[in-house]
Every structure is written in structure tokens, then in C-alpha cells.
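First the structure, in the form of C-alpha cells, and then the observations on it.
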Amino acid sequence: MNFYNGGSYDVVVVGAGHAGCEAGLAAARLGLKTLVLTISLESVAMMACNPSIGGTGKGHLVREVDALGGEMGLNIDKTFIQSKMLNTGKGPAVHSLRAQADKLQYHLQMKQTLENQVNLTLKQGDVIDLMVEEGKASGVKTRNGAEYHAKAVILATGVYLKSRIFMGEVNYPGGPDGLATTQELPDNLRSYGCNMRRFKTGTPARIHGDFVDYEKMTEQMGDEENTPFSFMNQALKIDQISCWLTRTTEDTKFIIEENIHRSSMYRGDMESVGPRYCPSIEDKIVRFTDKATHQLFLEPEGVHTKEMYLQGMSSSLPEEVQVAMIRSVTGLEKAEIMRPAYAIEYDCIDPTDLQLSLETKAIENLFSAGQFNGSSGYEEAAAQGLVAGINASMKIKNKDPLILDRSEAYIGVLIDDLVTKGTNEPYRMMTSRAEYRLVLRQDNADLRLTQKGYDFGLVQQERYQRLLVKREEIEQELQRLKKKKVTARELNPILDTIGSSEVDTSLSLYDLLKRPEINYKVIEPLYAESKDLMQDVKSQCEVIIKYDGYIKKQLRQIEQFKKLENKRIPDDVVYERIDSLRTEAKQKLKSIRPHSVGQASRISGVSPADISVLLVYLEQRKRGNKNV
Amino acid sequence: MYREETIAAISTPLGEGGIGIVKISGERALEILNNVFVTKDHHQKVFWEPRKMYYGFIKNPESQEIIDEVLAVYMKAPNTYTKEELVEIHCHGGMVPLRKTLQLVLEQGAGMAEKGEFTKRAFLNGRLDLSQAEAVMDLISAKTDISHEVALGQFEGLLSREVQGIQEIIKDMLAHIEVSIDFSEEDIDEVTMDQLLSKSMDAKKSFQGLLQTAKTGKILREGLVTGILGKTNVGKSSLLNALLRENRAIVTDIPGTTRDVIEEQLNVRGIPLKILDTAGIRETEDAVEKIGVQRSREIFQQADLVIFMIDASKELDREDYDFLHLIKDRRALVVVNKTDLKEAIDLSRIKSIIGDKKLVRISLLKNKGLEALEDALEDMVYEGEGFSKEQPFITNARHQQAISRGLQSLQDGIKALENRMPLDFVEVDFKNAWESLGEVTGDTVSEDILDHIFENFCIGK
């Protein structure tokens with residue numbers, strides 16, 4: 001085949017899903033000439049599965065992407081139709097924001113942002129091969145015969161590689177939602193030395209909203225006062241749309257049990273691994289037999305569509321069984337399926353093939369992000385896309401990559417988990433994956449990361465100034481609270497009304513706020529100054545004061561953690577030559593190539609004794625012993 | 001995971017020496033010293049001039065117990081062996097004050113140093129020359145094999161199983177907490193504070209049971225330090241000889257002590273006994289010299305077990321009665337010797353003083369009653385429960401320390417639950433407890449809990 005020269009760019013991004021969009025925008029905003037290629041312009045930032053952004057752990061990622069200057073938070077703030085803070089009954093560390101999106105609007109807004117972005121070109125094109133020269137990526141080739149030259153390439157291909165759709169006895173090659181799939185690229189990647197693997201995921205059916213009996217369901221409304229995802233926005237006024245809660249019935253269970261042998265998964269058609277945290281409905285019925293019924297959520301897909309997403313009912317049963325199964329659900333007796341549920345298998349890379357910068361080890365200047373890296377979820381994809389976009393740019397500019405560690409961000413946890421430990425199933429973020437959860441809160445993502453985003457050049461002045469102001473105000477407010485004393489006489493009547501124990505002497509507001517039952521609302525009558533304060537500043541101060549002991553505990557742990565994290569391992573260490581390492585450790589270290597002793601200590605199969613040996617070796621080396 | 005904490009260990013050879021040294025290295029060395037060291041007048045604050053010896057006492061800051069009279073020296077980083085802040089506490093040579101001092105230092109937050117760790121740090125911090133490095137590396141890598149072997153040992157295996165039992169309880173709690181947090185909208189009953197409280201109480205009980213065994217474990221490992229006390233001519237030397245004869249003595253050669261054998265080790269029905277001051281026993285019996293009151297007191301204080309001998313044929317004097325009152329609260333045994341002679345003692349009065357302490361009547365001359373004595377000894381060590389090989393024992397100070405830390409974290413968690421702290425804070429303490437136990441069993445936390453969640457809870461889209 002003859003290829004024509006499609007042009008030269010600094011960065012070419014393959015794919016315009018949630019990872020590709022962030023990667024492309026980041027590179028372009030960092031001043032690099034960027035091309036974003038997508039298999040279909042209708043699928044830019046497409047939400048192929050659930051119509052929502054955020055949730056536990058995931059909401060944290062979105063806030064971090066925003067704090068670093070990414071787009072996801074801004075885009076969902078423009079297009080959400082319902083918003084809810086989850087886990088408000090628990091501590092501030094696990095409050096998680098989730099918003100229902102208008103799917104079409106979300107896509108259109110993001111597409112427009114890309115179209116309007118200086119330095120960025122958006123094109124439809126199906127990438128079938130890379131251009132690789134001397135082990136370095138130098139561009140991509142498309143099915144239509146174009147060769148785009150680039151200094152760095154970012155793969156964000158989602159589930160489009162060799163994807164196959166499964167629905168009962170039926171299975172065929174195809175991407176999500178009837179889109180195309182690419183067969184050639186994964187084979188070519190293999191030939192360049194990438195280790196590819198096969199994962200599976202699935203999505204439930206979409207049904208027509210007019211044929212739902214809402215009377216039989218429980219309405220799920222959003223928060224009255226919503227919290228925006230982006231630190232750039234204040235609470236937004238919209239008319240929120242409800243979700244609905246219902247349950248499967250004994251009939252559902254019966255229908256599934258009768259037809260379980262027809263499910264693609266139970267037929268043994270699929271050899272790939274699916275995620276444990278989102279099993280299909282048939283999987284739930286089989287594994288948790290004692291549960292008679294299961295809960296389902298109906299989520300609207302947008303304002304201008306009747307499609308409803310059936311959360312809790314992903315399936316690989318045949319279409320005809322799906323009809324019967326769905327109509328057995330309370331309130332869905334007359335349901336009409338608009339799109340059936342399906343499972344999908346796809347090729348992705350073994351993430352231990354990557355460095356912490358998300359550059360592949362096999363091919364220099366090749367970066368990757370999102371489902372291609374073995375993760376799952378829009379938010380996980382966006383986070384990696386942003387990092388890959390920044391780091392491809394840094395590589396071209398000959399600067400150090402952005403590497404966030406586990407104590408700095410969920411993004412750090414996400415990438416370190418993938419790259420260091422690998423994953424056996426599509427990886428999803430959960431707050432329990434973060435060791436330092438108490439300090440990695442969604443409310444302080446800007447305080448943690450915006451400075452970094454600014455240093456890397458992605459955060460603009462306006463956002464940066466906001467950070468500086470907020471930081472300053474928190475500092476001043478804490479001082480003010482320490483100084484401001486209230487007398488027992490002023491205080492006790494207020495304490496009485498909320499059942500808090502009385503005081504004998506005067507007390508600073510700072511000490512008062514340490515009590516779990518005291519918050520700004522309670523002290524407001526005594527503290528007129530607080531009225532003008534940003535809500536954000538108040539909540540930061542409350543958290544800092546109330547949970548001081550625990551936060552200090554965690555900060556001490558982080559200090560320990562950092563010591564090993566800051567011990568860098570040079571790239572050219574030859575592990576085979578360190579005799580005292582055990583064989584398994586040698587192999588693992590050689591393949592992962594950890595960049596710090598801390599990272600090395602998290603590799604399974606590397607023991608504390610191996611780490612000690614490594615430390616001794618590094619010290620020897622540092623002192624210039626030429627024999628090691 | 002590898003940790004860079006302040007470490008401590010006894011750095012003189014084990015056994016009875018003139019002095020023994022507890023060494024502490026790391027950032028917190030001086031802070032820890034200040035917590036346990038008091039000057040002669042008990043409150044003066046020391047301004048530690050480096051490399052200068054200070055006289056004082058080691059005192060438990062909580063119980064106020066004085067553990068030993070010591071000399072202590074602080075050496076400032078980087079001019080020390082490890083190039084870190086370094087402290088040496090020079091104790092009296094007996095194992096008891098040394099162990100107690102070390103234990104106290106560990107309780108203050110130091111970690112038990114691993115074999116070769118001071119040297120490893122010396123190297124890592126740039127003190128040793130390169131030729132020594134290889135040796136250090138071999139030492140470290142050899143450690144894995146040794147500890148592996150040890151882990152397969154019976155006691156350790158049993159201990160692991162016991163610890164895993166507690167880990168299971170905590171893991172289950174953690175999984176419930178995590179699932180409530182990460183899958184709050186799923187169809188799962190949220191775990192209640194009361195459920196968590198009741199489970200953590202179960203875990204606490206197991207923890208405490210396990211730590212109880214540390215005592216027995218230490219006896220099995222090091223021997224029960226035993227003092228034989230009593231008046232001149234009561235038969236202490238004969239008792240020692242009889243026990244030695246019966247129990248095929250292991251006479252220890254303690255390196256570095258060329259003077260005299262000051263410790264005799266023997267094995268009574270599998271219980272190693274270390275008899276204190278055997279030289280003193282022999283000397284005083286021969287020389288018809290009264291034991292110095294001072295010396296008796298010292299032995300009394302050092303001993304884990306006191307055997308107090310009285311002569312059946314002589315009326316007890318005031319000193320004897322005083323002593324009987326003293327042993328009431330100790331692991332002690334009263335041996336009435338010379339029962340072949342006409343009894344002149346007031347047995348019922350003695351019994352009323354010592355309460356439930358055992359009293360054994362023997363005649364060393366006629367070789368009678370030794371068996372009863374051994375029965376009594378055995379009973380005491382196993383607290384009357386009988387010794388079963390199926391029972392786990394903590395025999396390793398590092399394990400004991402990890403388990404104590406685990407218990408501390410668990411108790412913090414219980415307190416947090418009682419104070420109605422949010423679940424995500426409570427979780428920090430429980431996870432710490434789990435991780436401390438993981439140092440004994442070698443497990444890591446995060447994946448385990450996720451596996452547990454996915455196995456036991458129905459979640460998904």
C-alpha cells in the first residue's frame with residue numbers, strides 16, 4: 001500500500017475518548033502542535049457505558065484532573081443533569097462527587113473544546129500501524145493511507161483493538177455501540193515488542209423511558225445544593241433530572257437460571273478476564289444464590305433522549321432472553337429495549353510494560369493511556385490521558401516527566417498500581433486503594449496539585465491566583481480562629497441547644513471546632529466575620545482542626561514512605577549482577593525497572609531483604625565502585 | 001515493607017557480664033533516651049553533651065518502676081558508628097535489667113534491630129569501607145533463608161496461625177468498612193458501629209491472649225531466671241546439686257567470662273532454669289558466711305522465679321517472716337527442707353502468710369520430695385494449665401513488638417469508634433493493626449481486603 005504524507009506534528013494522539021481528549025488538550029495547551037485522530041468524530045468523549053462522571057474514588061480523580069488543568073471537570077459542569085455528593089455520612093476523606101451527564105451534550109461540548117483549541121487538529125482516521133525508527137516512535141499510519149509524522153505518539157485506543165461483541169450465542173467483531181474495530185494495530189504492537197493481553201467488559205441495555213412504570217420505583221434526586229467538579233466553578237443552578245431505583249424479582253432469577261447456559265460467558269466463548277466489581281446480572285445470580293432480588297438504577301441518558309441506562313444489569317445473555325429478563329423487573333413490565341446489553345472483549349497492553357511517565361519501555365516516545373493500559377472507567381482514562389499528554393510534551397521539551405506519588409494524588413496511586421503491580425482485570429479506582437486517603441481528599445485536590453500543574457505550564461493564571469488566595473485565606477482564618485475567644489456565658493446557651501457539654505472558661509473558636517458536633521453554622525452567631533468567607537475555606541479549616549490528630553498520623557506515615565520513594569534507582573542498573581538478590585527478585589526488578597527503591601518495594605516477589613540488598617548495592621555504586 | 005526507623009538492640013554478648021549495653025540508633029535515639037532516663041534526683045533534665053557519660057537510672061515513665069542503675073552516653077550524628085544519632089545505655093550485666101531496658105526502649109517507639117542492622121546502617125550511611133559491603137549483603141540475604149527456616153518451626157507456625165486468626169477478624173472488619181465507603185450505593189447493609197465494636201473486642205481478646213504467651217515463650221527461649229534464697233545451711237547448695245544431678249545439667253560457657261561460672265542452666269521437664277548466683281550459693285555455704293542482705297535483695301529483684309528455702313527443724317526468725325511476706329506477690333515457691341528432722345516450724349502460720357503460693361516439703365538428705373518440687377515448678381511455669389505443644393508462643397522479641405503495636409492500634413480504633421469518628425478515620429487504626437500483624441505473617445493488606453470484598457459482597461453495575 002502506498003502512503004501519502006499527511007503532515008508533521010509534535011504529538012499524535014490515537015483516540016478521542018476520555019483519555020485521548022485530555023492528552024490532546026494537554027499537549028496543545030503546552031504549546032505543542034497536536035493531532036488527535038479518532039475512528040469516528042461522533043465518538044469524541046463518548047460515554048459508551050454509564051451516563052455519569054465521578055463516584056467513590058473516581059470523583060477524586062476528576063477533581064485532581066481539574067486541579068492540574070485538565071478538562072473533564074469543566075466539561076461535566078457544563079453538561080450535568082443531576083449531581084450528588086456520595087458518602088456524606090462518612091468522613092470528609094471519602095466524600096465523593098458524582099454527576100449524571102447529558103451524554104450527547106457531554107460529547108458535543110468536548111468536541112467543540114477540541115475544535116476550538118489552538119495548536120490542536122481533530123481528524124477522523126483509523127490508525128493501523130505505528131512508524132518506528134531505531135526503537136523510537138516517529139508517527140502513525142491510517143487505513144486511508146496517511147502517514148502522520150510525530151515526535152511522540154500517545155495511544156488511547158480504548159476498547160477498539162480487536163474488539164468482539166458477545167450476546168448469548170451471537171458474537172462478532174465490532175467496537176462499542178456499533179462502531180468499528182481495528183484489527184491490525186495490536187498485532188503490529190506485538191511485533192514491536194509490546195506485551196498485549198485480552199480483557200473484557202460489558203454494558204447493560206438502554207430502554208425507552210416512556211414504557212417505564214415510575215410509580216413502582218423510588219425516585220433518586222440530586223443534592224439540593226450542588227457542588228461543581230471544577231475548582232473554577234461555583235454552585236451551578238440547573239433543573240435536575242431524577243434517577244429511579246427498582247429491583248429484579250424472583251421471576252428475573254428464574255429466567256436467568258433457565259437460560260444461564262446461553263450466556264456467552266457460561267458457554268465458554270470468552271477467554272478473557274472481566275472486572276470483579278462489575279459482574280453481569282447472571283454472574284450475580286449464580287454467585288450470590290441466597291439473594292432473591294437485586295437492586296437496579298434507571299439513569300436518564302440526557303435531556304433530549306428517552307433512553308434510560310439500566311445500572312446493575314449488564315449481561316451477555318441473548319437478546320431474546322434480555323427482553324424477558326428486563327420485563328420481569330418491577331416497573332419494567334412493558335419495557336422496550338432500545339439497545340441490548342452486550343459484553344465486549346478487547347486487546348490492551350500489559351501495563352507493567354510502561355514506565356511511571358506512561359511511556360512504553362519497548363518503544364521510546366510512545367505513550368499510552370486509558371483502557372488500552374488495562375484500566376476501566378472514564379475518570380481513570382482522563383487521569384492517565386492528562387499525564388500522558390503532559391509527559392509526551394515534557395519528553396519533546398527535554399524536561400522531567402510529571403510523576404505523582406501515592407501520597408500526592410489518586411492519580412499517583414492509579415498509575416503506580418498499574419505500572420508496578422500490573423492488573424488481572426480492568427482496573428477501577430476505589431478510595432481503599434489509597435494508603436493516605438485522609439490527606440488525598442477531593443476537597444483539597446487544588447491545594448495538593450494546582451501548584452504542580454502551574455509549574456508544568458498547564459494551569460493558567462486565573463486558576464493559579466485562585467489557589468494563592470484560597471491558601472492565604474485558610475492560613476489567616478486558622479490564625480483568626482485561634483485568637484478569637486468566646487466566653488462561657490456567650491457560649492453555653494448555644495452549646496445547650498445542640499446538646500454539647502458546657503464550658504467553664506472562655507475558649508478559642510479553634511478549640512471549639514475540635515468538637516465533632518460543632519461546625520461553622522453553630523458558631524456563626526458568635527462569629528460575624530465568617531459570613532464573608534468562601535465555603536471552601538470554611539470546610540478546609542473545619543477538616544484541618546477536627547481531624548488534626550489523624551491527619552498528623554498520616555503525615556508521619558507519608559514521611560516514612562517518602563524516604564524510600566526519594567531513593568532513585570539509575571536506569572542502567574544490571575540486576576543480574578547483584579549476586580545477593582534472589583532469582584525471582586532479579587527477574588521482577590529487571591522487567592519492572594522501578595525508578596525508586598520505594599517502587600521496587602511494592603513489586604510482588606521482591607522481599608524486604610531484597611530491598612536491603614538493593615540499598616547496599618546502590619550505596620556502593622554511588623561511591624564509585626567500578627566493579628558493580 | 002522496608003522501614004527506616006530508630007532501632008535498638010542489646011549489643012553485648014548474651015549472658016551474664018559485668019555490664020551490658022543497649023544501643024539505640026536513629027533520629028529519635030535521644031528523644032527515647034530522655035523518656036526513660038532519670039538522674040539521681042529523678043527529675044533533673046539532662047543537657048546531653050555528646051560523648052560524655054551520665055550517671056542515672058532507667059525508669060519506666062508509666063509505671064515509675066526503676067529498672068536499673070546505669071551510665072548513658074549520647075553520640076551526635078554523624079560522628080558515630082552508624083553515622084546516625086546514637087545512644088548507649090550501660091546496664092548491669094544481668095539479662096533481666098538488659099531485657100527490661102530494651103523492652104522499655106522498644107515501647108518508646110524504637111524498632112528491634114535486625115541481625116547486622118547497625119552494621120548495615122553504618123555502611124549505608126557511608127561509614128564502612130567497600131570491602132566490608134559484600135559481607136553485609138551476604139548477611140542480609142542469608143537472613144531470608146534463616147528466617148524462612150525459623151518460620152517453618154513449630155512454635156512459629158502455630159503463632160502464625162494464631163496471628164492469622166486475628167488478621168481474619170480485622171480483615172473482615174476492614175472489608176465491611178471499605179465496602180460501606182466504596183460501594184455505598186450498592187445493595188449492602190452498612191456495617192454498624194456496634195458490629196465493629198463487638199468484633200474489635202473479639203480481636204482485642206485474642207491479642208491479649210497472645211501477648212500473655214510472650215512470657216511463656218520467653219521462658220522457653222531464654223530460661224526462667226531463678227533465685228534460690230534462704231539462710232545459711234538451709235540446703236541451697238544441696239538443692240542445686242540435686243537438681244543438677246537429676247536433670248543432667250547444661251553448664252554454660254559464657255564467652256568472655258573467665259572468672260567463674262556465675263550461672264548454671266538446667267532443664268526441669270523441658271523448662272530451662274537459669275539459677276542466679278550459683279557461685280554465691282556455694283561460697284556462702286562453705287564459708288559459713290551470712291548472705292549479705294543486699295545481695296539477697298538483688299537476686300530477689302532479678303529473678304523470674306524465687307525458691308525460698310527454710311529449715312524444718314529451726315524456728316523461723318523475723319527476717320524469714322519478712323521474706324515470706326515479700327514473696328506473696330511473686331512467682332515463688334517455698335521449699336521446706338530437712339523434713340526428716342523434728343519439725344520446729346509453724347506450718348499453718350507460714351501457709352497463712354503465703355496464701356496460694358506452693359509449699360513443698362522435701363528432705364534432700366533422704367532424697368525425698370524432689371518429684372513434688374518438680375511438679376510444682378512445672379505448674380508454675382504453665383500457670384497450672386499444663387503445657388501443650390499445640391499452643392502458640394511468641395518467642396521472638398520482634399514479633400512481640402509487632403503484636404503489641406497491633407494491639408495499640410486496635411485500641412486506638414476502638415476509642416475512635418466510641419468517639420463516633422467517621423468510618424474512614426477508624427479504618428486507619430484498624431489497617432495499622434492489620435499491618436503490624438502482617439509483619440509477623442508477611443502478608444500485605446490492600447489486595448487481600450479487595451479480594452475479600454469481591455468474594456463476599458454482591459456489587460456491580
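Each chain in the C-alpha cells gets a letter, A, B, ..., in the order shown, and its residues are numbered from 1; ligands are numbered from 1 in order too.
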Interface residues on chain A facing chain B, 8 Å, only C-alpha atoms, written as a compact mmCIF listing (two decimals) with N, CA and C atoms, in the first residue's frame:
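Result written to iface.txt:
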```txt
# COMPACT_ATOMS: atom_id res chain seq x y z
N THR A 56 -17.35 7.13 44.03
CA THR A 56 -16.29 6.99 45.03
C THR A 56 -14.94 6.72 44.37
N GLY A 57 -13.95 7.46 44.76
CA GLY A 57 -12.61 7.31 44.19
C GLY A 57 -12.51 7.99 42.84
N LEU A 86 -21.67 11.79 47.34
CA LEU A 86 -21.85 10.50 47.99
C LEU A 86 -21.08 10.46 49.31
N ASN A 87 -21.51 9.54 50.18
CA ASN A 87 -20.77 9.29 51.43
C ASN A 87 -20.75 10.46 52.40
N GLY A 89 -22.35 10.85 54.91
CA GLY A 89 -22.48 10.35 56.28
C GLY A 89 -21.15 9.90 56.85
N LYS A 90 -20.13 9.90 56.02
CA LYS A 90 -18.81 9.46 56.49
C LYS A 90 -17.87 10.65 56.53
N GLY A 91 -16.60 10.37 56.76
CA GLY A 91 -15.64 11.46 56.92
C GLY A 91 -15.36 12.18 55.62
N ALA A 93 -12.78 12.59 53.95
CA ALA A 93 -11.84 11.97 53.00
C ALA A 93 -12.55 11.16 51.94
N VAL A 94 -13.73 10.65 52.27
CA VAL A 94 -14.39 9.77 51.30
C VAL A 94 -15.67 10.37 50.73
N PRO A 204 -24.99 -2.61 30.25
CA PRO A 204 -26.39 -3.06 30.27
C PRO A 204 -27.20 -2.49 29.10
N ARG A 276 -14.13 -7.73 38.53
CA ARG A 276 -14.92 -8.33 39.62
C ARG A 276 -15.93 -7.35 40.17
N TYR A 277 -15.63 -6.04 40.05
CA TYR A 277 -16.52 -5.06 40.66
C TYR A 277 -17.72 -4.76 39.79
N CYS A 278 -17.73 -5.20 38.52
CA CYS A 278 -19.00 -5.08 37.81
C CYS A 278 -19.36 -6.37 37.11
N PRO A 279 -19.81 -7.33 37.90
CA PRO A 279 -20.22 -8.60 37.33
C PRO A 279 -21.54 -8.43 36.58
N SER A 280 -21.77 -9.29 35.62
CA SER A 280 -23.05 -9.26 34.91
C SER A 280 -24.15 -9.73 35.85
N LYS A 284 -24.12 -12.38 39.13
CA LYS A 284 -24.59 -12.08 40.48
C LYS A 284 -25.57 -13.15 40.95
N PHE A 288 -24.33 -15.31 44.06
CA PHE A 288 -24.99 -14.96 45.32
C PHE A 288 -26.41 -15.52 45.31
N HIS A 294 -32.20 -8.24 43.22
CA HIS A 294 -31.07 -7.30 43.18
C HIS A 294 -31.58 -5.92 42.82
N GLN A 295 -30.88 -4.88 43.32
CA GLN A 295 -31.36 -3.53 43.03
C GLN A 295 -30.86 -3.04 41.67
N GLN A 311 -28.65 0.54 35.20
CA GLN A 311 -27.48 0.22 36.03
C GLN A 311 -27.73 -0.99 36.91
N GLY A 312 -26.83 -1.98 36.84
CA GLY A 312 -26.98 -3.19 37.65
C GLY A 312 -27.36 -4.39 36.82
N MET A 313 -27.48 -4.21 35.51
CA MET A 313 -27.99 -5.30 34.70
C MET A 313 -27.15 -5.57 33.46
N SER A 314 -25.84 -5.41 33.56
CA SER A 314 -25.03 -5.75 32.39
C SER A 314 -25.11 -7.26 32.19
N MET A 430 -10.67 2.92 43.60
CA MET A 430 -11.51 2.90 44.80
C MET A 430 -10.75 3.66 45.87
N THR A 431 -11.45 4.26 46.80
CA THR A 431 -10.70 5.03 47.81
C THR A 431 -9.83 4.11 48.65
N SER A 432 -10.24 2.84 48.76
CA SER A 432 -9.46 1.94 49.61
C SER A 432 -8.11 1.60 48.99
N ARG A 433 -7.90 1.94 47.74
CA ARG A 433 -6.59 1.68 47.15
C ARG A 433 -5.55 2.70 47.62
N LEU A 438 -6.73 9.94 53.96
CA LEU A 438 -7.17 11.09 54.75
C LEU A 438 -6.61 12.40 54.22
N TYR A 550 -5.51 12.59 63.40
CA TYR A 550 -5.41 11.55 62.37
C TYR A 550 -4.60 12.01 61.17
N GLN A 560 7.73 8.67 56.26
CA GLN A 560 8.45 7.39 56.14
C GLN A 560 8.47 6.92 54.69
N LYS A 563 10.89 8.59 52.20
CA LYS A 563 12.32 8.33 52.29
C LYS A 563 12.76 7.33 51.23
N SER A 580 23.56 -11.08 45.56
CA SER A 580 22.78 -11.42 46.75
C SER A 580 21.28 -11.34 46.56
N LEU A 581 20.83 -10.81 45.42
CA LEU A 581 19.38 -10.78 45.17
C LEU A 581 18.89 -12.18 44.84
N SER A 601 9.94 -1.73 46.28
CA SER A 601 9.42 -2.46 47.44
C SER A 601 7.96 -2.88 47.25
N ARG A 602 7.28 -2.31 46.28
CA ARG A 602 5.87 -2.68 46.06
C ARG A 602 5.69 -3.76 45.01
N SER A 607 11.32 -9.06 48.22
CA SER A 607 11.16 -9.10 49.68
C SER A 607 11.91 -7.94 50.34
N PRO A 608 11.59 -7.67 51.62
CA PRO A 608 12.34 -6.63 52.34
C PRO A 608 13.85 -6.89 52.33
N ALA A 609 14.25 -8.16 52.38
CA ALA A 609 15.68 -8.47 52.35
C ALA A 609 16.27 -8.05 51.00
N ASP A 610 15.51 -8.29 49.91
CA ASP A 610 15.99 -7.86 48.60
C ASP A 610 16.18 -6.35 48.56
N ILE A 611 15.25 -5.66 49.21
CA ILE A 611 15.33 -4.20 49.23
C ILE A 611 16.58 -3.75 49.98
N SER A 612 16.88 -4.45 51.09
CA SER A 612 18.10 -4.10 51.82
C SER A 612 19.32 -4.31 50.94
N VAL A 613 19.34 -5.42 50.25
CA VAL A 613 20.46 -5.71 49.35
C VAL A 613 20.58 -4.60 48.31
N LEU A 615 19.58 -1.55 48.51
CA LEU A 615 20.05 -0.30 49.14
C LEU A 615 21.57 -0.32 49.30
N VAL A 616 22.07 -1.45 49.75
CA VAL A 616 23.52 -1.56 49.94
C VAL A 616 24.22 -1.42 48.59
N GLU A 619 24.31 2.14 47.36
CA GLU A 619 25.25 2.96 48.10
C GLU A 619 26.67 2.70 47.61
N GLN A 620 26.96 1.41 47.40
CA GLN A 620 28.26 1.01 46.89
C GLN A 620 28.54 1.72 45.57
N ASN A 625 32.29 2.59 43.08
CA ASN A 625 32.99 1.32 42.91
C ASN A 625 32.74 0.83 41.49
```
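Residues in contact with range 23-32 of chain B at up to 7 Å, not including ones fewer than 6 positions away on its chain and judged by only C-alpha atoms, are B:Glu5, B:Thr6, B:Ile7, B:Ala8, B:Ala9, B:Ile10, B:Ser11, B:Glu84, B:Glu85, B:Leu86, B:Val87, B:Glu88, B:Ile89, B:Val105, B:Gln108.
Near Met338 in chain A, within a cut-off of 7 Å and counting only C-alpha atoms, sit the residues A:Arg206, A:Ile207, A:His208, A:Glu336, A:Pro340, with same-chain residues fewer than 2 positions away left out.
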Nearest residue to Glu250 in chain A out of A:Leu68, A:Val303, A:Leu386, A:Ala292, using only C-alpha atoms?
A:Ala292
Neighbours of Leu366 in chain A within 9 Å (only C-alpha atoms; same-chain residues fewer than 3 positions away dropped), as a VMD selection string?
chain A and resid 136 to 138 152 to 155 358 to 363 392
For range 187-190 of chain A: contacts at 10 Å, only C-alpha atoms, fewer than 3 positions along chain excluded, given as a VMD selection string:
chain A and resid 128 to 130 161 to 162 183 to 184 193 to 196 347 349 362 to 363
Output of the above residues as a PDB file, in the first residue's frame, restricted to C-alpha atoms:
```
ATOM      1  CA  ILE A 128      -3.471   0.646  11.836  1.00  0.00           C
ATOM      2  CA  ASP A 129       0.250   0.901  12.455  1.00  0.00           C
ATOM      3  CA  LEU A 130       2.979   2.964  14.070  1.00  0.00           C
ATOM      4  CA  LEU A 161      -8.446  -3.085  19.386  1.00  0.00           C
ATOM      5  CA  LYS A 162      -9.606  -6.443  18.003  1.00  0.00           C
ATOM      6  CA  GLN A 183      -7.586  -5.489  13.832  1.00  0.00           C
ATOM      7  CA  GLU A 184      -4.082  -4.574  12.670  1.00  0.00           C
ATOM      8  CA  GLY A 193       7.799  -5.934  21.498  1.00  0.00           C
ATOM      9  CA  CYS A 194       4.703  -4.848  23.443  1.00  0.00           C
ATOM     10  CA  ASN A 195       3.067  -7.489  25.635  1.00  0.00           C
ATOM     11  CA  MET A 196      -0.629  -7.469  24.786  1.00  0.00           C
ATOM     12  CA  ASP A 347      -6.794  -6.141  23.354  1.00  0.00           C
ATOM     13  CA  ILE A 349      -1.249  -3.640  26.840  1.00  0.00           C
ATOM     14  CA  ALA A 362       9.611  -1.163  24.385  1.00  0.00           C
ATOM     15  CA  ILE A 363       9.312   1.936  22.186  1.00  0.00           C
TER      16      ILE A 363
END
```
So how many Å separate CA of Asn50 in chain A and CA of Cys21 in chain A, to one decimal?
18.4 Å
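The protein and nucleic acid residues lying at most 7 Å from Asp446 in chain A are Ala67, Thr450 and Leu467 of chain A, with only C-alpha atoms considered and sequence neighbours fewer than 4 positions away removed.
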Have a look at A:Leu32, A:Val543, A:Leu481, A:Leu41 and name the one nearest to Tyr527 in chain A; count only C-alpha atoms.
A:Leu481
Length of the CA of Phe229 in chain A to CA of Asp66 in chain A vector [Å]
7.7 Å
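Comparing the minimum interatomic distances between Asn171 in chain A and each of A:Arg577, A:Arg267, A:Arg98, A:Arg480, counting only C-alpha atoms, we find that A:Arg267 sits nearest.
The nearest approach to Val321 in chain A among the residues A:Gly168, A:Pro228, A:Gly377, A:Gly268, with only C-alpha atoms taken into account, belongs to A:Gly168.
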As an MDAnalysis selection string, please: all residues of range 305-365 of chain B that backbone DSSP puts in strand (DSSP E or B).
chainID B and resid 305:311 332:337 358:361 363
Residues within 6 Å of Gly227 in chain B, only C-alpha atoms, excluding chain neighbours under 2 positions, as an MDAnalysis selection string
chainID B and resid 275:276 299 303 306
With N, CA and C atoms retained, export the selected residues as a short mmCIF file (atom, residue, chain, number, x, y, z; two decimals), in the first residue's frame.
```cif
data_model
loop_
_atom_site.label_atom_id
_atom_site.label_comp_id
_atom_site.auth_asym_id
_atom_site.auth_seq_id
_atom_site.Cartn_x
_atom_site.Cartn_y
_atom_site.Cartn_z
N ILE B 275 19.85 -20.62 87.12
CA ILE B 275 19.96 -20.35 88.55
C ILE B 275 20.94 -19.19 88.76
N LEU B 276 20.48 -18.19 89.46
CA LEU B 276 21.29 -17.00 89.68
C LEU B 276 22.32 -17.22 90.79
N ILE B 299 19.18 -10.48 94.07
CA ILE B 299 18.74 -11.72 93.44
C ILE B 299 17.22 -11.76 93.38
N ALA B 303 15.16 -12.13 89.74
CA ALA B 303 14.63 -13.46 89.43
C ALA B 303 13.20 -13.41 88.89
N VAL B 306 11.38 -17.26 92.39
CA VAL B 306 12.12 -17.28 93.64
C VAL B 306 11.82 -18.60 94.36
#
```
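The coordinates place CA of Ile166 in chain B at 29.4 Å from CA of Thr420 in chain A.
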